[in-house]
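Below you'll find the structure, written out as structure tokens, and then a few comments.
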Amino acid sequence: MKNSTVRRQIPALGLCLAMGLTIAASQAHADSDHGTGPLADTHGPAGVMFDHMHKAGEWMVGFRYAYSSESGDILHGGSKAGDQMVIDHGCGTHKCSMAPGSMSMNMYMLDIMYAPTDWMTLMVMPMYMTHDMTMRPLQSTASPMGHGSMGHGSSMAMDMGMDDDMSEMMDHGTHAHSGAHTHGTDGWGDTIFGPELRVADGPGYHIQFSPMFSAPTGSVNKKTNGSFTHYMMQPGSGTWDFLPSITYTGRADRLTWGAQVLGVVRMEEENDSGYRLGNVFQATGWGSYRFADWISASVRGLYTDEGQIEGHYNGPHNHSSPPDLQYNYGGTYWDIGFGINTVIPSGQLKGLRFSAEWLQPVDEDVNGYQLERNGTLWANTSYAF
């Protein structure tokens, strides 16, 4: 199980935490301008957070936007799963009657940073989320009298003329739809906050440790037709989470590079709705080339390992499609990113930045049955003063 893989990686995160706390130093001078004005490549690619710090007394206000989408095939592990396979196995002891056809997520995040000293920068990141999903009926290829025609819960009930209450009883709290439809959620997400601590800084390199936390300010009780919606469409995690990371960056003339290890550790057994999202381990590395002081381009690789959901909803919820089941979440994912960073180097708007990055999936091995990913767009703007 992928979740056991993540559990094995948590001790490594603890080691990173101990190392960071042991060697965090209050010396070293931050010279992000290098004496020539701000450079485009002193910030990492748009999709990397906790990658830079600020000088004592400096503020930064930024806005981050992320858009991700999924559509196409349903995957089982790393392979395509046909509709009959999803019907028979995608919902466990229940029979799936629906599957996601497409899914999109929009995230809007404020990025507020203040440096009380050169060796520590404080930050807080509230966010707002929207999710939209299109569902489609699964098409059975089994014989009309065979096993595959007997388990569609609410759909079968509709064919037999049963009322909604009886259908709900058969489907354990579901309100499954018999045709294609779209539904969505929106609301405030969780709030990330904490310090960035300078570990080491010298000619051509910088290392920082960022022990961040996530407060459960996002909802986990969004409903569709009176039942809990899919887990992935809840704006928040519902638990207090720990997000430690260690980031290294280096530079030589017009070339810069960096690497980061980051984790998400759920600090509670379950949230108010009865479940807990899986832990996350991420490792990423990138390189960039600065064409001029005001513009640079980057290439990045990203590896993600996410555990499945533990527990389940403690109220009425569907069992008619793969996203309704907690074991159809998480997996291992590989992405490659292509980005661009810009900054205004002089004048009244000196220091105003804009960056964008596209993350393209290259491989995925999912837990259970999940919709194939299309990619993620990151776009950021920020201003330091």
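Quick note on naming: the chains in the structure tokens go A, B, ... in the order shown, residues restart at 1 in each chain, and ligands are numbered from 1 in order of appearance.
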
Note to self: Env of stretch 341-347 of chain A: 10 Å cut, atoms = only C-alpha atoms, seq-sep filter 4 positions within chain, self excluded. Answer as a PyMOL selection string.
What the structure shows: chain A and resi 33+36-46+288+290+292-298+351-357+379-383

Practice prompt. Extract the full set of strand (DSSP E) residues from stretch 272-369 of chain A according to DSSP on the backbone, and format it as a ChimeraX atom specification.
Written response: /A:275-276,280-292,295-306,310-311,331-343,353-369

Item to check | Neighbour list for stretch 192-201 of chain A as a list in words, cut-off 7 Å, only C-alpha atoms, skip fewer than 2 positions in-chain | outcome: Gly20, Ile23, Ala24, Ala25, Ala28, Trp119, Met120, Thr121, Leu122, Met123, Val124, Met125, Pro126, Asp190, Tyr205, His206, Ile207, Gln208, Phe209, Ser210, Pro211, Met212, Phe213, Ser214 and Ala215 of chain A

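Residues with any atom within 6 Å of A:Leu377, counting only C-alpha atoms and excluding same-chain neighbours fewer than 5 positions away, are Ala66, Tyr67, Glu357 and Trp358 of chain A.
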
Emit the selected residues as a PDB file, in the first residue's frame, including all heavy atoms.
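Contents of result_39.pdb, as written:
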ATOM      1  N   ALA A  66      -3.331  28.527  -8.617  1.00  0.00           N
ATOM      2  CA  ALA A  66      -3.055  27.203  -9.166  1.00  0.00           C
ATOM      3  C   ALA A  66      -4.320  26.645  -9.798  1.00  0.00           C
ATOM      4  O   ALA A  66      -5.416  26.775  -9.236  1.00  0.00           O
ATOM      5  CB  ALA A  66      -2.541  26.258  -8.084  1.00  0.00           C
ATOM      6  N   TYR A  67      -4.162  26.049 -10.956  1.00  0.00           N
ATOM      7  CA  TYR A  67      -5.265  25.374 -11.645  1.00  0.00           C
ATOM      8  C   TYR A  67      -4.798  23.978 -12.021  1.00  0.00           C
ATOM      9  O   TYR A  67      -3.735  23.808 -12.626  1.00  0.00           O
ATOM     10  CB  TYR A  67      -5.670  26.126 -12.910  1.00  0.00           C
ATOM     11  CG  TYR A  67      -6.597  25.334 -13.804  1.00  0.00           C
ATOM     12  CD1 TYR A  67      -7.955  25.264 -13.526  1.00  0.00           C
ATOM     13  CD2 TYR A  67      -6.104  24.651 -14.914  1.00  0.00           C
ATOM     14  CE1 TYR A  67      -8.808  24.526 -14.342  1.00  0.00           C
ATOM     15  CE2 TYR A  67      -6.950  23.920 -15.734  1.00  0.00           C
ATOM     16  CZ  TYR A  67      -8.295  23.856 -15.445  1.00  0.00           C
ATOM     17  OH  TYR A  67      -9.136  23.120 -16.248  1.00  0.00           O
ATOM     18  N   GLU A 357       4.374  28.541 -14.158  1.00  0.00           N
ATOM     19  CA  GLU A 357       4.959  27.216 -14.393  1.00  0.00           C
ATOM     20  C   GLU A 357       3.856  26.237 -14.757  1.00  0.00           C
ATOM     21  O   GLU A 357       2.771  26.257 -14.162  1.00  0.00           O
ATOM     22  CB  GLU A 357       5.703  26.735 -13.146  1.00  0.00           C
ATOM     23  CG  GLU A 357       6.394  25.390 -13.331  1.00  0.00           C
ATOM     24  CD  GLU A 357       7.032  24.869 -12.059  1.00  0.00           C
ATOM     25  OE1 GLU A 357       6.476  25.129 -10.952  1.00  0.00           O
ATOM     26  OE2 GLU A 357       8.074  24.188 -12.148  1.00  0.00           O
ATOM     27  N   TRP A 358       4.147  25.386 -15.724  1.00  0.00           N
ATOM     28  CA  TRP A 358       3.244  24.297 -16.076  1.00  0.00           C
ATOM     29  C   TRP A 358       3.876  22.987 -15.636  1.00  0.00           C
ATOM     30  O   TRP A 358       5.026  22.691 -15.989  1.00  0.00           O
ATOM     31  CB  TRP A 358       2.965  24.260 -17.568  1.00  0.00           C
ATOM     32  CG  TRP A 358       2.165  23.054 -17.970  1.00  0.00           C
ATOM     33  CD1 TRP A 358       2.607  21.914 -18.570  1.00  0.00           C
ATOM     34  CD2 TRP A 358       0.751  22.871 -17.787  1.00  0.00           C
ATOM     35  NE1 TRP A 358       1.574  21.026 -18.770  1.00  0.00           N
ATOM     36  CE2 TRP A 358       0.423  21.589 -18.296  1.00  0.00           C
ATOM     37  CE3 TRP A 358      -0.256  23.670 -17.235  1.00  0.00           C
ATOM     38  CZ2 TRP A 358      -0.880  21.091 -18.261  1.00  0.00           C
ATOM     39  CZ3 TRP A 358      -1.556  23.164 -17.202  1.00  0.00           C
ATOM     40  CH2 TRP A 358      -1.855  21.893 -17.717  1.00  0.00           C
TER      41      TRP A 358
END
